[in-house]
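Listing of query.txt; format and content: compact mmCIF, C-alpha atoms.
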```txt
# COMPACT_ATOMS: atom_id res chain seq x y z
CA MET F 1 -8.66 83.81 -21.87
CA LYS F 2 -10.41 80.44 -22.27
CA SER F 3 -11.26 78.41 -19.23
CA ALA F 4 -11.30 74.75 -20.26
CA PHE F 5 -10.03 71.46 -18.95
CA THR F 6 -6.64 70.31 -20.08
CA MET F 7 -6.10 66.85 -21.51
CA ILE F 8 -4.25 65.78 -18.35
CA GLU F 9 -7.17 66.79 -16.13
CA LEU F 10 -9.59 64.83 -18.32
CA ILE F 11 -7.37 61.73 -18.21
CA PHE F 12 -7.16 61.94 -14.41
CA VAL F 13 -10.95 62.16 -14.14
CA ILE F 14 -11.42 59.16 -16.45
CA VAL F 15 -8.84 57.12 -14.49
CA ILE F 16 -10.54 57.94 -11.18
CA ILE F 17 -13.96 56.98 -12.56
CA GLY F 18 -12.44 53.71 -13.85
CA ILE F 19 -10.96 52.90 -10.44
CA LEU F 20 -14.27 53.61 -8.71
CA ALA F 21 -16.12 51.39 -11.18
CA ALA F 22 -13.57 48.59 -10.71
CA VAL F 23 -14.22 48.68 -6.96
CA ALA F 24 -18.01 49.14 -7.09
CA ILE F 25 -18.98 46.47 -9.64
CA PRO F 26 -17.71 43.44 -7.64
CA LYS F 27 -19.35 44.83 -4.49
CA LEU F 28 -22.66 45.11 -6.33
CA SER F 29 -22.36 41.53 -7.58
CA ALA F 30 -21.56 40.24 -4.08
CA THR F 31 -24.57 42.07 -2.67
CA ARG F 32 -26.81 40.47 -5.29
CA ASP F 33 -25.44 37.01 -4.39
CA ASP F 34 -25.98 37.65 -0.67
CA ALA F 35 -29.59 38.62 -1.39
CA ALA F 36 -30.19 35.40 -3.37
CA ILE F 37 -28.70 33.30 -0.56
CA SER F 38 -30.80 35.08 2.07
CA ALA F 39 -33.98 34.63 0.02
CA ILE F 40 -33.47 30.86 -0.31
CA ILE F 41 -32.69 30.49 3.39
CA ALA F 42 -35.74 32.54 4.40
CA ASN F 43 -38.02 30.56 2.08
CA ALA F 44 -36.69 27.27 3.49
CA ARG F 45 -37.28 28.29 7.10
CA VAL F 46 -40.73 29.72 6.35
CA SER F 47 -41.72 26.59 4.43
CA LEU F 48 -40.70 24.27 7.26
CA THR F 49 -42.54 26.37 9.85
CA ASP F 50 -45.65 26.61 7.67
CA PHE F 51 -45.75 22.85 7.03
CA GLN F 52 -45.31 22.13 10.75
CA SER F 53 -47.98 24.63 11.78
CA TYR F 54 -50.48 23.37 9.23
CA TYR F 55 -49.99 19.72 10.12
CA THR F 56 -50.22 20.45 13.84
CA SER F 57 -53.50 22.30 13.36
CA ARG F 58 -55.13 20.02 10.76
CA GLY F 59 -53.39 16.66 10.99
CA ASN F 60 -53.36 14.00 8.33
CA THR F 61 -57.01 14.40 7.36
CA MET F 62 -56.34 17.20 4.86
CA TRP F 63 -52.63 16.55 4.25
CA THR F 64 -53.23 14.94 0.84
CA THR F 65 -56.00 17.27 -0.35
CA GLU F 66 -54.90 20.78 0.68
CA THR F 67 -52.95 22.88 -1.80
CA VAL F 68 -49.49 24.27 -1.12
CA GLY F 69 -50.61 27.84 -1.81
CA ALA F 70 -53.12 27.61 1.03
CA ILE F 71 -50.36 26.68 3.48
CA THR F 72 -47.31 28.74 2.64
CA SER F 73 -46.38 31.83 0.69
CA ALA F 74 -42.77 30.66 0.24
CA LEU F 75 -41.55 30.47 -3.34
CA LEU F 76 -41.61 26.69 -3.69
CA LYS F 77 -41.67 25.00 -7.08
CA THR F 78 -42.36 21.43 -8.20
CA ALA F 79 -39.28 21.65 -10.43
CA CYS F 80 -36.88 24.52 -11.04
CA ASP F 81 -38.76 25.51 -14.17
CA THR F 82 -42.25 24.64 -12.87
CA PRO F 83 -43.90 26.88 -10.27
CA ILE F 84 -46.63 25.48 -8.08
CA THR F 85 -50.19 25.99 -9.29
CA GLU F 86 -53.45 26.56 -7.45
CA THR F 87 -54.13 22.82 -7.58
CA THR F 88 -50.71 21.52 -6.44
CA ALA F 89 -51.40 19.21 -3.49
CA ILE F 90 -49.17 19.12 -0.44
CA SER F 91 -48.63 15.40 -0.26
CA PRO F 92 -47.28 13.20 -1.60
CA ASN F 93 -45.16 15.65 -3.53
CA THR F 94 -41.67 17.11 -3.88
CA PHE F 95 -40.99 20.83 -3.80
CA VAL F 96 -37.72 22.61 -4.50
CA LEU F 97 -35.98 25.91 -3.89
CA CYS F 98 -33.74 26.74 -6.84
CA HIS F 99 -31.18 29.20 -8.09
CA ASP F 100 -30.68 29.47 -11.87
CA ASP F 101 -32.29 26.06 -12.57
CA VAL F 102 -30.16 24.33 -9.92
CA ILE F 103 -31.90 22.71 -6.96
CA CYS F 104 -30.57 24.13 -3.68
CA LEU F 105 -33.03 22.40 -1.33
CA SER F 106 -35.68 19.76 -1.79
CA PHE F 107 -38.78 19.23 0.38
CA GLU F 108 -40.47 15.84 0.08
CA THR F 109 -43.84 15.46 1.73
CA ILE F 110 -45.17 12.03 2.54
CA ASP F 111 -48.48 10.74 3.88
CA GLU F 112 -48.71 10.55 7.67
CA GLY F 113 -47.13 13.98 7.97
CA ASN F 114 -43.51 13.17 7.28
CA LEU F 115 -41.39 15.84 5.63
CA THR F 116 -37.84 15.29 4.40
CA ILE F 117 -35.54 18.21 3.59
CA THR F 118 -32.40 17.46 1.59
CA ASP F 119 -29.63 19.49 -0.01
CA GLY F 120 -29.36 19.70 -3.77
CA THR F 121 -26.68 17.51 -5.31
CA ASP F 122 -25.26 19.94 -7.90
CA THR F 123 -22.04 21.44 -6.53
CA THR F 124 -21.35 23.84 -9.40
CA ASP F 125 -23.70 26.62 -8.28
CA LEU F 126 -21.95 28.93 -5.79
CA ILE F 127 -25.24 30.28 -4.41
CA CYS F 128 -26.53 26.78 -3.59
CA GLU F 129 -23.21 25.82 -2.05
CA ALA F 130 -23.34 28.92 0.16
CA VAL F 131 -26.89 27.99 1.19
CA LYS F 132 -25.76 24.47 2.17
CA VAL F 133 -23.03 25.71 4.51
CA ASP F 134 -25.21 28.32 6.21
CA GLN F 135 -25.79 27.42 9.87
CA ALA F 136 -29.56 27.93 9.65
CA ILE F 137 -29.81 25.46 6.76
CA ARG F 138 -27.40 22.92 8.24
CA THR F 139 -29.68 22.61 11.26
CA ILE F 140 -32.80 21.83 9.20
CA SER F 141 -31.53 20.01 6.09
CA ASN F 142 -30.85 16.33 5.48
CA LYS F 143 -33.46 15.34 8.04
CA THR F 144 -36.89 13.76 8.10
CA TYR F 145 -39.44 15.52 10.28
CA LYS F 146 -42.45 13.91 11.92
CA LEU F 147 -44.60 17.01 11.83
CA ALA F 148 -46.95 16.18 14.70
CA GLY F 149 -47.13 13.63 17.45
CA GLU F 150 -49.73 10.91 17.50
CA THR F 151 -51.26 12.30 20.68
CA VAL F 152 -52.29 15.68 19.28
CA ALA F 153 -56.00 16.14 20.08
CA ARG F 154 -58.14 17.62 17.34
```
Could you rewrite the structure in this file as structure tokens?
Amino acid sequence: MKSAFTMIELIFVIVIIGILAAVAIPKLSATRDDAAISAIIANARVSLTDFQSYYTSRGNTMWTTETVGAITSALLKTACDTPITETTAISPNTFVLCHDDVICLSFETIDEGNLTITDGTDTTDLICEAVKVDQAIRTISNKTYKLAGETVAR
């Protein structure tokens, strides 16, 4: 007597595997999107905190000569396809946080320690749109920050 699977049993196994794959693949994609959104939000918050901390400790004297890499480890770029280099100065300059060559957030540094954070204008990227509506980003974006008061003693 042979002990083998029947055709019906094999079809049932294939159907079950297909159903599991149909459920798992969208979940995996959603998890990947959530990770991208979280990374952009974390980089935005770290960048703002790092810029504020640096300016408070050093003031305007080194604001135009210090490099971005010496201040923050956030994944800022000068354009979506151009990462910062070892010689990229803090100010005056514009830095961006991107997803798939779409600007999600823009950081513009100005002399005298002003920093403006704005949302990207492209509304076709779902990741960037999710970043814009996140509560943590809504509280920091579309604002100009005076990074330190004039009375800070150095």
Q. Could you name the residues that touch Ile127 of chain F at 7 Å or less, counting only C-alpha atoms, but leaving out those on the same chain fewer than 3 positions away, as a PyMOL selection string?
A. chain F and resi 33+37+130-131
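Point (-36.4, 30.0, -2.1) has the following residues at most 6 Å away: Ala39, Ile40, Asn43, Leu75 and Leu97 of chain F (atoms considered: only C-alpha atoms).
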Q.
Report, in Å to a single decimal, how far apart atom CA of Asp119 of chain F and atom CA of Cys104 of chain F are.
A. 6.0 Å
(Q) At a cut-off of 12 Å around the point (-41.7, 24.7, -9.5) (file coordinates), what residues fall inside when counting all atoms listed in the file? I'd like the answer as a PyMOL selection string. (A) chain F and resi 68+74-85+88+93-99+101-103+106-107
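As for atom CA of Ile90 of chain F and atom CA of Asp122 of chain F, they are spaced 25.1 Å apart.
Proximity of F:Lys146, F:Ser73, F:Asn114, F:Leu126 to Asp34 of chain F, computed with only C-alpha atoms, is greatest for F:Leu126.
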Q. When you draw a straight line from atom CA of Thr31 of chain F to atom CA of Asp100 of chain F, how long is it in Å?
A. 16.8 Å
Q | Test item: residues at most 6 Å from Ala89 of chain F, all atoms listed in the file, excluding those fewer than 4 positions along its chain, as a ChimeraX atom specification | A | /F:65-68
Q) When distances are computed from only C-alpha atoms, which of F:Ile17, F:Cys128, F:Thr144, F:Ile110 shows the smallest separation from Ile41 of chain F? A) F:Cys128
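Nearest residue to Ile137 of chain F, choosing from F:Thr61, F:Ala42, F:Thr121, F:Pro92 and counting only C-alpha atoms: F:Ala42.
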As lines of an AutoDock Vina configuration file, please report the centre and edge lengths, rounded to one decimal in Å, of the axis-aligned box that holds all listed atoms of segment 39-47 of chain F with 3 Å of padding on each of the six sides.
```
center_x = -37.2
center_y = 30.6
center_z = 3.4
size_x = 15.0
size_y = 14.0
size_z = 13.4
```
Mind completing segment 61-92 of chain F with N, CA and C atoms? Output as a CSV table (one decimal), in the frame of the given file, please?
```csv
chain,number,residue,atom,x,y,z
F,61,THR,N,-55.7,14.5,8.1
F,61,THR,CA,-57.0,14.4,7.4
F,61,THR,C,-57.0,15.2,6.1
F,62,MET,N,-56.4,16.3,6.1
F,62,MET,CA,-56.3,17.2,4.9
F,62,MET,C,-54.9,17.3,4.2
F,63,TRP,N,-54.0,16.5,4.7
F,63,TRP,CA,-52.6,16.6,4.2
F,63,TRP,C,-52.5,16.2,2.8
F,64,THR,N,-53.3,15.3,2.3
F,64,THR,CA,-53.2,14.9,0.8
F,64,THR,C,-54.2,15.7,-0.1
F,65,THR,N,-55.1,16.5,0.5
F,65,THR,CA,-56.0,17.3,-0.4
F,65,THR,C,-55.8,18.8,-0.4
F,66,GLU,N,-55.1,19.3,0.6
F,66,GLU,CA,-54.9,20.8,0.7
F,66,GLU,C,-53.8,21.2,-0.3
F,67,THR,N,-53.9,22.4,-0.8
F,67,THR,CA,-53.0,22.9,-1.8
F,67,THR,C,-51.8,23.6,-1.1
F,68,VAL,N,-50.7,23.6,-1.7
F,68,VAL,CA,-49.5,24.3,-1.1
F,68,VAL,C,-49.7,25.8,-0.9
F,69,GLY,N,-50.4,26.4,-1.9
F,69,GLY,CA,-50.6,27.8,-1.8
F,69,GLY,C,-51.5,28.2,-0.6
F,70,ALA,N,-52.3,27.3,-0.1
F,70,ALA,CA,-53.1,27.6,1.0
F,70,ALA,C,-52.3,27.5,2.3
F,71,ILE,N,-51.2,26.9,2.3
F,71,ILE,CA,-50.4,26.7,3.5
F,71,ILE,C,-49.2,27.6,3.6
F,72,THR,N,-48.5,27.9,2.5
F,72,THR,CA,-47.3,28.7,2.6
F,72,THR,C,-47.2,29.7,1.5
F,73,SER,N,-46.6,30.8,1.7
F,73,SER,CA,-46.4,31.8,0.7
F,73,SER,C,-44.9,31.8,0.2
F,74,ALA,N,-44.2,30.8,0.7
F,74,ALA,CA,-42.8,30.7,0.2
F,74,ALA,C,-42.7,30.3,-1.2
F,75,LEU,N,-41.7,30.6,-1.9
F,75,LEU,CA,-41.6,30.5,-3.3
F,75,LEU,C,-41.1,29.1,-3.7
F,76,LEU,N,-41.9,28.1,-3.3
F,76,LEU,CA,-41.6,26.7,-3.7
F,76,LEU,C,-42.0,26.4,-5.1
F,77,LYS,N,-41.3,25.4,-5.7
F,77,LYS,CA,-41.7,25.0,-7.1
F,77,LYS,C,-41.7,23.5,-7.1
F,78,THR,N,-42.4,22.9,-8.1
F,78,THR,CA,-42.4,21.4,-8.2
F,78,THR,C,-41.1,21.0,-9.0
F,79,ALA,N,-40.6,21.8,-9.8
F,79,ALA,CA,-39.3,21.6,-10.4
F,79,ALA,C,-38.7,23.1,-10.6
F,80,CYS,N,-37.5,23.2,-10.9
F,80,CYS,CA,-36.9,24.5,-11.0
F,80,CYS,C,-37.6,25.4,-12.1
F,81,ASP,N,-38.1,24.7,-13.1
F,81,ASP,CA,-38.8,25.5,-14.2
F,81,ASP,C,-40.3,25.4,-14.1
F,82,THR,N,-40.8,24.8,-13.0
F,82,THR,CA,-42.2,24.6,-12.9
F,82,THR,C,-42.8,25.2,-11.5
F,83,PRO,N,-43.4,26.4,-11.5
F,83,PRO,CA,-43.9,26.9,-10.3
F,83,PRO,C,-45.1,26.1,-9.8
F,84,ILE,N,-45.4,26.2,-8.6
F,84,ILE,CA,-46.6,25.5,-8.1
F,84,ILE,C,-47.9,26.2,-8.6
F,85,THR,N,-48.9,25.4,-8.8
F,85,THR,CA,-50.2,26.0,-9.3
F,85,THR,C,-51.2,26.0,-8.2
F,86,GLU,N,-52.4,26.5,-8.5
F,86,GLU,CA,-53.4,26.6,-7.4
F,86,GLU,C,-53.9,25.2,-7.1
F,87,THR,N,-53.7,24.2,-7.9
F,87,THR,CA,-54.1,22.8,-7.6
F,87,THR,C,-53.0,21.9,-7.1
F,88,THR,N,-51.8,22.4,-6.9
F,88,THR,CA,-50.7,21.5,-6.4
F,88,THR,C,-51.0,21.1,-5.0
F,89,ALA,N,-51.1,19.8,-4.8
F,89,ALA,CA,-51.4,19.2,-3.5
F,89,ALA,C,-50.1,19.2,-2.7
F,90,ILE,N,-50.3,19.2,-1.3
F,90,ILE,CA,-49.2,19.1,-0.4
F,90,ILE,C,-48.5,17.8,-0.5
F,91,SER,N,-49.2,16.7,-0.4
F,91,SER,CA,-48.6,15.4,-0.3
F,91,SER,C,-49.4,14.4,-1.0
F,92,PRO,N,-48.7,13.3,-1.5
F,92,PRO,CA,-47.3,13.2,-1.6
F,92,PRO,C,-46.7,14.0,-2.8
```
